Amino acid sequence: MSEMPAPVLEPEAFQQRLLAWFDQHGRHDLPWQRQRTPYRVWVSEIMLQQTQVATVIPYFERFMARFPALGDLAEAPQDEVLHLWTGLGYYARGRNLHRAAREVMMEHAGELPVASLDALAALPGIGRSTAGAIVAQSTGRRAVILDGNVKRSLARLHAVEGWPGRPAVERRLWALAEHYTPHARVVDYTQAMMDFGATLCRRGTPDCGHCPFADVCVAHARGEERRFPEAKPKKALPTRTTRMLVLRDAEGRVLLEQRPARGLWGGLWGLPQFDDPETLRTWLEVHAPAAELDPAWPAFHHTFSHFRLEITPQPARVDGLDSIGETRCWYDPANPPRLGLAAPVKALLASLAPFALAASEGA
DNA sequence: CACACGTGGAT
DNA sequence: TATCCAAGTGT
């Protein structure tokens, strides 16, 4: 209890103000709010992790069209799941979702264990906040969430000092979230908290003029809305360089390699990648001694959250490979297989399509 | 606990 | 254009 900052309102008053605002201004027609089944709520919550609503909607619709039920997802090959995840980012979410679906089939008779917060959180990809959201949204039972929107709103209302990523700060915010969460209208309350943060108590431009808490908000009283929550400590962005081999056969197909299951673009298919020219040369000697190297194409870069990658495409031609194994395949731009591709690779392959067309026309 | 993990929108 | 960072989790 001593962990919790002084609340600005009694829980009942807080809930009443928030829900009145939500009834008027909340979002009531998002795709996952129709047919609010545990499965649909789960998929939406995973896609929405660190990802904005507008970005998620088309991915969610495609995913549901292909995998209408949990069993459909469990039966699918991982490649197809990652194919539908391509462009959404944080691909561990897709791998974990797929793995969790199979786990639910085997250990929970095909039903998400929404009766137990702990059982949910034991599934890969579901943490404390997502477990709370799934329970609250799909069953209406009381469960607490603490996502970015809730963190920002509560930090402002109570002028909570410190970056919310710090465990001590996060504990205070959990205590506040716990304090305000009602037993009734839980579905609406959790949605309301997220809508409030996303559309009114926004990061850069909070709309205090229409805020139902403006009269009690500590940050607003101090005129310091923008100071809360405190920003993450920044650090320099390192740059890494790599070469991507664009090895094409006589039919214009491109050799792809499946990336390791963990790490960057884990489980996705990409161009063979080499940190230095030496490794590239050795690889070619072993796998494609007959390959003819063309001059490298201009480098381009891709910026990630934690580093910047400079990519030099290295085009080459070869008649074929004797054996490409399980973790390689020939990618035909005219008839692309349904597998996951990293964004820069997808863009690079798309730029190759005219070549493939010209090659097939010439043949 | 600090860091890795992606992409696109907002300012 | 550069920077920040969004419905977090896993290691």
# chains A, B, ... in the order shown; residues from 1 in each chain; ligands from 1

call {"tool": "interface_residues", "arguments": {"of": "chain B", "to": "chain A", "cutoff": "6 Å", "atoms": "only C-alpha atoms (C1' of nucleotides)", "output": "PyMOL selection string"}}
result
chain B and resi 5-7

call {"tool": "interface_residues", "arguments": {"of": "chain C", "to": "chain A", "cutoff": "9 Å", "atoms": "only C-alpha atoms (C1' of nucleotides)", "output": "VMD selection string"}}
result
chain C and resid 5 to 10

call {"tool": "write_last_selection", "arguments": {"atoms": "all heavy atoms", "output": "tab-separated table (two decimals), in the first residue's frame"}}
result
chain	number	residue	atom	x	y	z
C	5	DC	P	9.94	8.86	-25.88
C	5	DC	OP1	9.29	9.69	-24.86
C	5	DC	OP2	11.17	8.12	-25.58
C	5	DC	O5'	8.87	7.83	-26.45
C	5	DC	C5'	7.68	8.30	-27.07
C	5	DC	C4'	7.00	7.15	-27.77
C	5	DC	O4'	7.61	6.93	-29.05
C	5	DC	C3'	7.12	5.82	-27.00
C	5	DC	O3'	5.91	5.12	-27.11
C	5	DC	C2'	8.18	5.08	-27.79
C	5	DC	C1'	7.77	5.52	-29.19
C	5	DC	N1	8.74	5.21	-30.25
C	5	DC	C2	8.27	5.00	-31.55
C	5	DC	O2	7.08	5.14	-31.78
C	5	DC	N3	9.15	4.67	-32.52
C	5	DC	C4	10.45	4.53	-32.22
C	5	DC	N4	11.26	4.20	-33.21
C	5	DC	C5	10.93	4.74	-30.90
C	5	DC	C6	10.06	5.07	-29.95
C	6	DA	P	5.01	5.01	-25.74
C	6	DA	OP1	4.73	6.33	-25.16
C	6	DA	OP2	5.54	3.94	-24.91
C	6	DA	O5'	3.65	4.49	-26.42
C	6	DA	C5'	3.11	5.28	-27.46
C	6	DA	C4'	2.22	4.42	-28.31
C	6	DA	O4'	2.95	3.94	-29.45
C	6	DA	C3'	1.61	3.20	-27.63
C	6	DA	O3'	0.25	3.08	-28.03
C	6	DA	C2'	2.47	2.04	-28.11
C	6	DA	C1'	3.05	2.52	-29.44
C	6	DA	N9	4.46	2.22	-29.61
C	6	DA	C8	5.44	2.27	-28.66
C	6	DA	N7	6.64	2.00	-29.12
C	6	DA	C5	6.43	1.78	-30.48
C	6	DA	C6	7.30	1.46	-31.54
C	6	DA	N6	8.60	1.31	-31.38
C	6	DA	N1	6.77	1.31	-32.76
C	6	DA	C2	5.45	1.48	-32.92
C	6	DA	N3	4.53	1.78	-32.00
C	6	DA	C4	5.09	1.91	-30.79
C	7	DA	P	-0.69	3.28	-26.76
C	7	DA	OP1	-2.05	3.71	-27.09
C	7	DA	OP2	0.14	4.12	-25.85
C	7	DA	O5'	-0.70	1.84	-26.11
C	7	DA	C5'	-1.88	1.04	-26.28
C	7	DA	C4'	-1.55	-0.29	-25.66
C	7	DA	O4'	-2.78	-1.04	-25.59
C	7	DA	C3'	-0.59	-1.13	-26.52
C	7	DA	O3'	0.08	-2.05	-25.66
C	7	DA	C2'	-1.54	-1.88	-27.42
C	7	DA	C1'	-2.68	-2.18	-26.43
C	7	DA	N9	-3.98	-2.37	-27.02
C	7	DA	C8	-4.56	-3.55	-27.34
C	7	DA	N7	-5.75	-3.43	-27.85
C	7	DA	C5	-5.96	-2.04	-27.86
C	7	DA	C6	-7.03	-1.24	-28.30
C	7	DA	N6	-8.14	-1.74	-28.82
C	7	DA	N1	-6.93	0.07	-28.18
C	7	DA	C2	-5.80	0.56	-27.65
C	7	DA	N3	-4.71	-0.09	-27.22
C	7	DA	C4	-4.87	-1.39	-27.35
C	8	DG	P	1.60	-1.74	-25.25
C	8	DG	OP1	1.73	-0.94	-24.03
C	8	DG	OP2	2.35	-1.33	-26.45
C	8	DG	O5'	2.05	-3.24	-24.98
C	8	DG	C5'	2.06	-3.76	-23.63
C	8	DG	C4'	2.46	-5.19	-23.74
C	8	DG	O4'	3.69	-5.24	-24.49
C	8	DG	C3'	2.71	-5.90	-22.42
C	8	DG	O3'	2.27	-7.24	-22.56
C	8	DG	C2'	4.21	-5.77	-22.22
C	8	DG	C1'	4.73	-5.75	-23.67
C	8	DG	N9	5.90	-4.88	-23.86
C	8	DG	C8	6.13	-3.67	-23.27
C	8	DG	N7	7.24	-3.12	-23.64
C	8	DG	C5	7.80	-4.05	-24.52
C	8	DG	C6	9.01	-4.02	-25.25
C	8	DG	O6	9.88	-3.13	-25.25
C	8	DG	N1	9.19	-5.16	-26.02
C	8	DG	C2	8.30	-6.18	-26.10
C	8	DG	N2	8.62	-7.19	-26.92
C	8	DG	N3	7.15	-6.23	-25.44
C	8	DG	C4	6.97	-5.13	-24.66
C	9	DT	P	2.61	-8.32	-21.40
C	9	DT	OP1	1.46	-9.23	-21.36
C	9	DT	OP2	3.08	-7.69	-20.17
C	9	DT	O5'	3.84	-9.09	-22.07
C	9	DT	C5'	3.66	-9.69	-23.35
C	9	DT	C4'	4.83	-10.58	-23.68
C	9	DT	O4'	5.98	-9.76	-23.99
C	9	DT	C3'	5.27	-11.52	-22.55
C	9	DT	O3'	5.50	-12.79	-23.14
C	9	DT	C2'	6.54	-10.88	-22.01
C	9	DT	C1'	7.10	-10.16	-23.22
C	9	DT	N1	7.89	-8.94	-22.94
C	9	DT	C2	9.10	-8.76	-23.62
C	9	DT	O2	9.54	-9.57	-24.40
C	9	DT	N3	9.75	-7.59	-23.32
C	9	DT	C4	9.34	-6.60	-22.45
C	9	DT	O4	10.01	-5.59	-22.27
C	9	DT	C5	8.08	-6.84	-21.80
C	9	DT	C7	7.54	-5.82	-20.84
C	9	DT	C6	7.42	-7.98	-22.07
C	10	DG	P	6.07	-14.02	-22.28
C	10	DG	OP1	5.43	-15.21	-22.85
C	10	DG	OP2	5.95	-13.72	-20.83
C	10	DG	O5'	7.61	-14.05	-22.66
C	10	DG	C5'	7.96	-14.10	-24.03
C	10	DG	C4'	9.46	-14.27	-24.18
C	10	DG	O4'	10.13	-13.01	-23.90
C	10	DG	C3'	10.10	-15.28	-23.23
C	10	DG	O3'	11.13	-15.94	-23.95
C	10	DG	C2'	10.65	-14.41	-22.11
C	10	DG	C1'	11.07	-13.16	-22.87
C	10	DG	N9	11.04	-11.92	-22.11
C	10	DG	C8	10.07	-11.50	-21.23
C	10	DG	N7	10.30	-10.31	-20.73
C	10	DG	C5	11.49	-9.92	-21.32
C	10	DG	C6	12.25	-8.73	-21.18
C	10	DG	O6	12.00	-7.75	-20.48
C	10	DG	N1	13.40	-8.73	-21.96
C	10	DG	C2	13.77	-9.77	-22.79
C	10	DG	N2	14.90	-9.62	-23.46
C	10	DG	N3	13.07	-10.90	-22.94
C	10	DG	C4	11.96	-10.90	-22.17

call {"tool": "residues_around", "arguments": {"residues": "stretch 219-230 of chain A", "least_positions_apart": "4", "cutoff": "6 Å", "atoms": "only C-alpha atoms (C1' of nucleotides)", "output": "short mmCIF file (atom, residue, chain, number, x, y, z; two decimals) with all heavy atoms, in the first residue's frame"}}
result
data_model
loop_
_atom_site.label_atom_id
_atom_site.label_comp_id
_atom_site.auth_asym_id
_atom_site.auth_seq_id
_atom_site.Cartn_x
_atom_site.Cartn_y
_atom_site.Cartn_z
N ARG A 152 0.53 5.86 -19.00
CA ARG A 152 0.65 7.30 -19.27
C ARG A 152 -0.44 8.08 -18.53
O ARG A 152 -0.17 9.09 -17.89
CB ARG A 152 0.56 7.57 -20.77
CG ARG A 152 0.72 9.05 -21.13
CD ARG A 152 0.83 9.25 -22.63
NE ARG A 152 -0.29 8.70 -23.36
CZ ARG A 152 -0.30 7.58 -24.04
NH1 ARG A 152 0.79 6.84 -24.11
NH2 ARG A 152 -1.38 7.17 -24.67
N ALA A 155 0.17 7.96 -14.71
CA ALA A 155 1.38 8.73 -14.37
C ALA A 155 1.07 10.22 -14.38
O ALA A 155 1.53 10.96 -13.51
CB ALA A 155 2.51 8.40 -15.34
N ARG A 156 0.28 10.67 -15.36
CA ARG A 156 -0.08 12.09 -15.44
C ARG A 156 -1.01 12.49 -14.30
O ARG A 156 -0.77 13.49 -13.62
CB ARG A 156 -0.78 12.36 -16.77
CG ARG A 156 0.17 12.52 -17.92
CD ARG A 156 -0.40 13.46 -18.97
NE ARG A 156 0.56 13.59 -20.06
CZ ARG A 156 0.35 13.18 -21.31
NH1 ARG A 156 -0.83 12.66 -21.64
NH2 ARG A 156 1.28 13.31 -22.22
N ALA A 159 1.00 12.52 -11.28
CA ALA A 159 2.36 13.07 -11.38
C ALA A 159 3.40 12.11 -10.81
O ALA A 159 4.23 12.46 -9.98
CB ALA A 159 2.44 14.43 -10.67
N GLY A 162 9.57 9.45 -12.63
CA GLY A 162 10.40 8.32 -13.06
C GLY A 162 9.86 7.65 -14.30
O GLY A 162 8.67 7.71 -14.61
N TRP A 163 10.75 7.03 -15.07
CA TRP A 163 10.36 6.31 -16.28
C TRP A 163 9.58 5.04 -15.91
O TRP A 163 10.04 4.25 -15.10
CB TRP A 163 11.63 5.96 -17.08
CG TRP A 163 11.37 5.12 -18.29
CD1 TRP A 163 10.48 5.37 -19.27
CD2 TRP A 163 12.00 3.88 -18.61
NE1 TRP A 163 10.51 4.37 -20.21
CE2 TRP A 163 11.44 3.45 -19.83
CE3 TRP A 163 13.00 3.10 -18.00
CZ2 TRP A 163 11.83 2.27 -20.45
CZ3 TRP A 163 13.39 1.93 -18.62
CH2 TRP A 163 12.82 1.52 -19.84
#

call {"tool": "select_by_dssp", "arguments": {"residues": "stretch 169-310 of chain A", "states": "helix (DSSP H, G or I)", "output": "number ranges by chain"}}
result
A: 169-180, 186-200, 208-210, 218-221, 225-227, 277-287

call {"tool": "residues_around", "arguments": {"residues": "A:Ile134", "least_positions_apart": "6", "cutoff": "10 Å", "atoms": "only C-alpha atoms (C1' of nucleotides)", "output": "JSON, numbers by chain"}}
result
{"A": [36, 37, 38, 39, 40, 41, 42, 43, 44, 45, 46, 112, 114, 117, 120, 126, 140, 141, 143, 145, 187]}

call {"tool": "residues_around", "arguments": {"residues": "A:His183", "least_positions_apart": "6", "cutoff": "12 Å", "atoms": "only C-alpha atoms (C1' of nucleotides)", "output": "list of chain:residue names"}}
result
A:Pro11, A:Glu12, A:Gln15, A:Ala136, A:Thr139, A:Gly140, A:Arg141, A:Arg142, A:Ala143, A:Val144, A:Tyr189, A:Thr190

call {"tool": "closest_residue", "arguments": {"among": "A:Met4, A:Leu349, A:Ala288, A:Leu97", "to": "A:Ala177", "atoms": "only C-alpha atoms"}}
result
A:Met4

call {"tool": "residues_around", "arguments": {"residues": "A:Ala290", "least_positions_apart": "3", "cutoff": "10 Å", "atoms": "only C-alpha atoms (C1' of nucleotides)", "output": "ChimeraX atom specification"}}
result
/A:284-285,287,293,317-321

call {"tool": "select_by_dssp", "arguments": {"residues": "stretch 75-260 of chain A", "states": "strand (DSSP E or B)", "output": "MDAnalysis selection string"}}
result
chainID A and resid 239:248 254:258

call {"tool": "write_last_selection", "arguments": {"atoms": "N, CA, C and O atoms", "output": "PDB file, in the first residue's frame"}}
result
ATOM      1  N   THR A 239      25.434   1.217 -35.402  1.00  0.00           N
ATOM      2  CA  THR A 239      25.218   0.842 -36.802  1.00  0.00           C
ATOM      3  C   THR A 239      25.940  -0.466 -37.092  1.00  0.00           C
ATOM      4  O   THR A 239      27.097  -0.647 -36.730  1.00  0.00           O
ATOM      5  N   ARG A 240      25.235  -1.394 -37.731  1.00  0.00           N
ATOM      6  CA  ARG A 240      25.855  -2.640 -38.180  1.00  0.00           C
ATOM      7  C   ARG A 240      25.768  -2.699 -39.693  1.00  0.00           C
ATOM      8  O   ARG A 240      24.894  -2.096 -40.298  1.00  0.00           O
ATOM      9  N   THR A 241      26.697  -3.418 -40.293  1.00  0.00           N
ATOM     10  CA  THR A 241      26.650  -3.567 -41.748  1.00  0.00           C
ATOM     11  C   THR A 241      26.499  -5.044 -42.097  1.00  0.00           C
ATOM     12  O   THR A 241      26.925  -5.923 -41.352  1.00  0.00           O
ATOM     13  N   THR A 242      25.859  -5.287 -43.218  1.00  0.00           N
ATOM     14  CA  THR A 242      25.711  -6.670 -43.673  1.00  0.00           C
ATOM     15  C   THR A 242      25.600  -6.695 -45.187  1.00  0.00           C
ATOM     16  O   THR A 242      25.332  -5.662 -45.808  1.00  0.00           O
ATOM     17  N   ARG A 243      25.828  -7.875 -45.754  1.00  0.00           N
ATOM     18  CA  ARG A 243      25.620  -8.085 -47.177  1.00  0.00           C
ATOM     19  C   ARG A 243      24.509  -9.097 -47.363  1.00  0.00           C
ATOM     20  O   ARG A 243      24.450 -10.095 -46.643  1.00  0.00           O
ATOM     21  N   MET A 244      23.632  -8.825 -48.328  1.00  0.00           N
ATOM     22  CA  MET A 244      22.578  -9.792 -48.637  1.00  0.00           C
ATOM     23  C   MET A 244      22.832 -10.336 -50.037  1.00  0.00           C
ATOM     24  O   MET A 244      22.882  -9.571 -51.005  1.00  0.00           O
ATOM     25  N   LEU A 245      22.973 -11.650 -50.121  1.00  0.00           N
ATOM     26  CA  LEU A 245      23.233 -12.298 -51.406  1.00  0.00           C
ATOM     27  C   LEU A 245      21.929 -12.466 -52.194  1.00  0.00           C
ATOM     28  O   LEU A 245      20.982 -13.078 -51.707  1.00  0.00           O
ATOM     29  N   VAL A 246      21.900 -11.887 -53.380  1.00  0.00           N
ATOM     30  CA  VAL A 246      20.731 -12.046 -54.246  1.00  0.00           C
ATOM     31  C   VAL A 246      21.116 -13.024 -55.349  1.00  0.00           C
ATOM     32  O   VAL A 246      21.504 -12.640 -56.448  1.00  0.00           O
ATOM     33  N   LEU A 247      21.011 -14.309 -55.019  1.00  0.00           N
ATOM     34  CA  LEU A 247      21.466 -15.356 -55.927  1.00  0.00           C
ATOM     35  C   LEU A 247      20.289 -15.847 -56.773  1.00  0.00           C
ATOM     36  O   LEU A 247      19.326 -16.398 -56.257  1.00  0.00           O
ATOM     37  N   ARG A 248      20.385 -15.614 -58.088  1.00  0.00           N
ATOM     38  CA  ARG A 248      19.257 -15.983 -58.956  1.00  0.00           C
ATOM     39  C   ARG A 248      19.634 -17.103 -59.916  1.00  0.00           C
ATOM     40  O   ARG A 248      20.764 -17.157 -60.406  1.00  0.00           O
ATOM     41  N   VAL A 254      14.950 -16.650 -56.756  1.00  0.00           N
ATOM     42  CA  VAL A 254      15.943 -16.134 -55.813  1.00  0.00           C
ATOM     43  C   VAL A 254      16.103 -17.108 -54.650  1.00  0.00           C
ATOM     44  O   VAL A 254      15.109 -17.615 -54.123  1.00  0.00           O
ATOM     45  N   LEU A 255      17.340 -17.346 -54.251  1.00  0.00           N
ATOM     46  CA  LEU A 255      17.580 -18.269 -53.137  1.00  0.00           C
ATOM     47  C   LEU A 255      17.295 -17.597 -51.794  1.00  0.00           C
ATOM     48  O   LEU A 255      17.824 -16.530 -51.500  1.00  0.00           O
ATOM     49  N   LEU A 256      16.430 -18.227 -51.011  1.00  0.00           N
ATOM     50  CA  LEU A 256      16.150 -17.732 -49.662  1.00  0.00           C
ATOM     51  C   LEU A 256      16.641 -18.724 -48.627  1.00  0.00           C
ATOM     52  O   LEU A 256      16.725 -19.919 -48.888  1.00  0.00           O
ATOM     53  N   GLU A 257      16.939 -18.187 -47.452  1.00  0.00           N
ATOM     54  CA  GLU A 257      17.343 -19.010 -46.312  1.00  0.00           C
ATOM     55  C   GLU A 257      16.432 -18.713 -45.143  1.00  0.00           C
ATOM     56  O   GLU A 257      16.087 -17.556 -44.911  1.00  0.00           O
ATOM     57  N   GLN A 258      16.080 -19.758 -44.403  1.00  0.00           N
ATOM     58  CA  GLN A 258      15.282 -19.516 -43.202  1.00  0.00           C
ATOM     59  C   GLN A 258      16.196 -19.082 -42.070  1.00  0.00           C
ATOM     60  O   GLN A 258      17.238 -19.695 -41.817  1.00  0.00           O
TER      61      GLN A 258
END

call {"tool": "atom_distance", "arguments": {"atom1": "atom C1' of B:DA2", "atom2": "atom CA of A:Arg308"}}
result
19.5 Å

call {"tool": "atom_distance", "arguments": {"atom1": "atom CA of A:Arg66", "atom2": "atom CA of A:Asn96"}}
result
17.7 Å

call {"tool": "atom_distance", "arguments": {"atom1": "atom CA of A:Met105", "atom2": "atom CA of A:Arg338"}}
result
24.0 Å

call {"tool": "decode", "arguments": {"residues": "chain C", "atoms": "N, CA, C and O atoms (P, O5', C5', C4', C3', O3' and C1' of nucleotides)", "output": "PDB file, in the first residue's frame"}}
result
ATOM      1  P    DT C   1      13.750  13.907 -46.224  1.00  0.00           P
ATOM      2  O5'  DT C   1      14.452  14.206 -44.823  1.00  0.00           O
ATOM      3  C5'  DT C   1      15.696  14.910 -44.853  1.00  0.00           C
ATOM      4  C4'  DT C   1      16.226  14.958 -43.436  1.00  0.00           C
ATOM      5  C3'  DT C   1      16.485  13.590 -42.812  1.00  0.00           C
ATOM      6  O3'  DT C   1      17.639  13.692 -41.991  1.00  0.00           O
ATOM      7  C1'  DT C   1      14.836  14.720 -41.558  1.00  0.00           C
ATOM      8  P    DA C   2      18.228  12.374 -41.265  1.00  0.00           P
ATOM      9  O5'  DA C   2      17.754  12.634 -39.755  1.00  0.00           O
ATOM     10  C5'  DA C   2      18.136  13.843 -39.095  1.00  0.00           C
ATOM     11  C4'  DA C   2      17.599  13.832 -37.678  1.00  0.00           C
ATOM     12  C3'  DA C   2      17.895  12.562 -36.894  1.00  0.00           C
ATOM     13  O3'  DA C   2      18.201  12.931 -35.563  1.00  0.00           O
ATOM     14  C1'  DA C   2      15.555  12.859 -37.046  1.00  0.00           C
ATOM     15  P    DT C   3      18.762  11.875 -34.541  1.00  0.00           P
ATOM     16  O5'  DT C   3      17.532  11.708 -33.538  1.00  0.00           O
ATOM     17  C5'  DT C   3      16.861  12.874 -33.064  1.00  0.00           C
ATOM     18  C4'  DT C   3      15.547  12.462 -32.438  1.00  0.00           C
ATOM     19  C3'  DT C   3      15.622  11.159 -31.634  1.00  0.00           C
ATOM     20  O3'  DT C   3      15.346  11.455 -30.282  1.00  0.00           O
ATOM     21  C1'  DT C   3      13.690  11.222 -33.028  1.00  0.00           C
ATOM     22  P    DC C   4      15.385  10.318 -29.172  1.00  0.00           P
ATOM     23  O5'  DC C   4      13.825  10.111 -28.911  1.00  0.00           O
ATOM     24  C5'  DC C   4      12.966  11.251 -28.864  1.00  0.00           C
ATOM     25  C4'  DC C   4      11.532  10.784 -28.879  1.00  0.00           C
ATOM     26  C3'  DC C   4      11.287   9.547 -28.009  1.00  0.00           C
ATOM     27  O3'  DC C   4      10.160   9.777 -27.187  1.00  0.00           O
ATOM     28  C1'  DC C   4      10.488   9.187 -30.213  1.00  0.00           C
ATOM     29  P    DC C   5       9.935   8.863 -25.885  1.00  0.00           P
ATOM     30  O5'  DC C   5       8.872   7.827 -26.448  1.00  0.00           O
ATOM     31  C5'  DC C   5       7.681   8.303 -27.068  1.00  0.00           C
ATOM     32  C4'  DC C   5       7.003   7.153 -27.767  1.00  0.00           C
ATOM     33  C3'  DC C   5       7.122   5.819 -26.998  1.00  0.00           C
ATOM     34  O3'  DC C   5       5.913   5.124 -27.105  1.00  0.00           O
ATOM     35  C1'  DC C   5       7.771   5.522 -29.195  1.00  0.00           C
ATOM     36  P    DA C   6       5.006   5.009 -25.740  1.00  0.00           P
ATOM     37  O5'  DA C   6       3.651   4.493 -26.415  1.00  0.00           O
ATOM     38  C5'  DA C   6       3.113   5.279 -27.458  1.00  0.00           C
ATOM     39  C4'  DA C   6       2.217   4.420 -28.309  1.00  0.00           C
ATOM     40  C3'  DA C   6       1.606   3.204 -27.628  1.00  0.00           C
ATOM     41  O3'  DA C   6       0.255   3.085 -28.029  1.00  0.00           O
ATOM     42  C1'  DA C   6       3.047   2.519 -29.438  1.00  0.00           C
ATOM     43  P    DA C   7      -0.686   3.285 -26.757  1.00  0.00           P
ATOM     44  O5'  DA C   7      -0.704   1.839 -26.107  1.00  0.00           O
ATOM     45  C5'  DA C   7      -1.882   1.038 -26.279  1.00  0.00           C
ATOM     46  C4'  DA C   7      -1.552  -0.294 -25.664  1.00  0.00           C
ATOM     47  C3'  DA C   7      -0.587  -1.128 -26.518  1.00  0.00           C
ATOM     48  O3'  DA C   7       0.084  -2.052 -25.656  1.00  0.00           O
ATOM     49  C1'  DA C   7      -2.680  -2.184 -26.434  1.00  0.00           C
ATOM     50  P    DG C   8       1.605  -1.744 -25.250  1.00  0.00           P
ATOM     51  O5'  DG C   8       2.052  -3.241 -24.975  1.00  0.00           O
ATOM     52  C5'  DG C   8       2.057  -3.758 -23.626  1.00  0.00           C
ATOM     53  C4'  DG C   8       2.457  -5.189 -23.742  1.00  0.00           C
ATOM     54  C3'  DG C   8       2.708  -5.899 -22.419  1.00  0.00           C
ATOM     55  O3'  DG C   8       2.265  -7.241 -22.555  1.00  0.00           O
ATOM     56  C1'  DG C   8       4.730  -5.748 -23.667  1.00  0.00           C
ATOM     57  P    DT C   9       2.613  -8.323 -21.398  1.00  0.00           P
ATOM     58  O5'  DT C   9       3.841  -9.093 -22.065  1.00  0.00           O
ATOM     59  C5'  DT C   9       3.658  -9.690 -23.345  1.00  0.00           C
ATOM     60  C4'  DT C   9       4.834 -10.576 -23.682  1.00  0.00           C
ATOM     61  C3'  DT C   9       5.266 -11.523 -22.553  1.00  0.00           C
ATOM     62  O3'  DT C   9       5.498 -12.791 -23.145  1.00  0.00           O
ATOM     63  C1'  DT C   9       7.098 -10.163 -23.222  1.00  0.00           C
ATOM     64  P    DG C  10       6.071 -14.016 -22.275  1.00  0.00           P
ATOM     65  O5'  DG C  10       7.608 -14.045 -22.660  1.00  0.00           O
ATOM     66  C5'  DG C  10       7.962 -14.105 -24.028  1.00  0.00           C
ATOM     67  C4'  DG C  10       9.464 -14.272 -24.183  1.00  0.00           C
ATOM     68  C3'  DG C  10      10.095 -15.282 -23.227  1.00  0.00           C
ATOM     69  O3'  DG C  10      11.132 -15.941 -23.947  1.00  0.00           O
ATOM     70  C1'  DG C  10      11.067 -13.162 -22.867  1.00  0.00           C
ATOM     71  P    DT C  11      11.958 -17.132 -23.332  1.00  0.00           P
ATOM     72  O5'  DT C  11      13.344 -16.448 -22.939  1.00  0.00           O
ATOM     73  C5'  DT C  11      14.062 -15.753 -23.956  1.00  0.00           C
ATOM     74  C4'  DT C  11      15.298 -15.125 -23.350  1.00  0.00           C
ATOM     75  C3'  DT C  11      15.990 -15.992 -22.288  1.00  0.00           C
ATOM     76  O3'  DT C  11      17.392 -15.989 -22.556  1.00  0.00           O
ATOM     77  C1'  DT C  11      15.618 -13.833 -21.454  1.00  0.00           C
TER      78       DT C  11
END
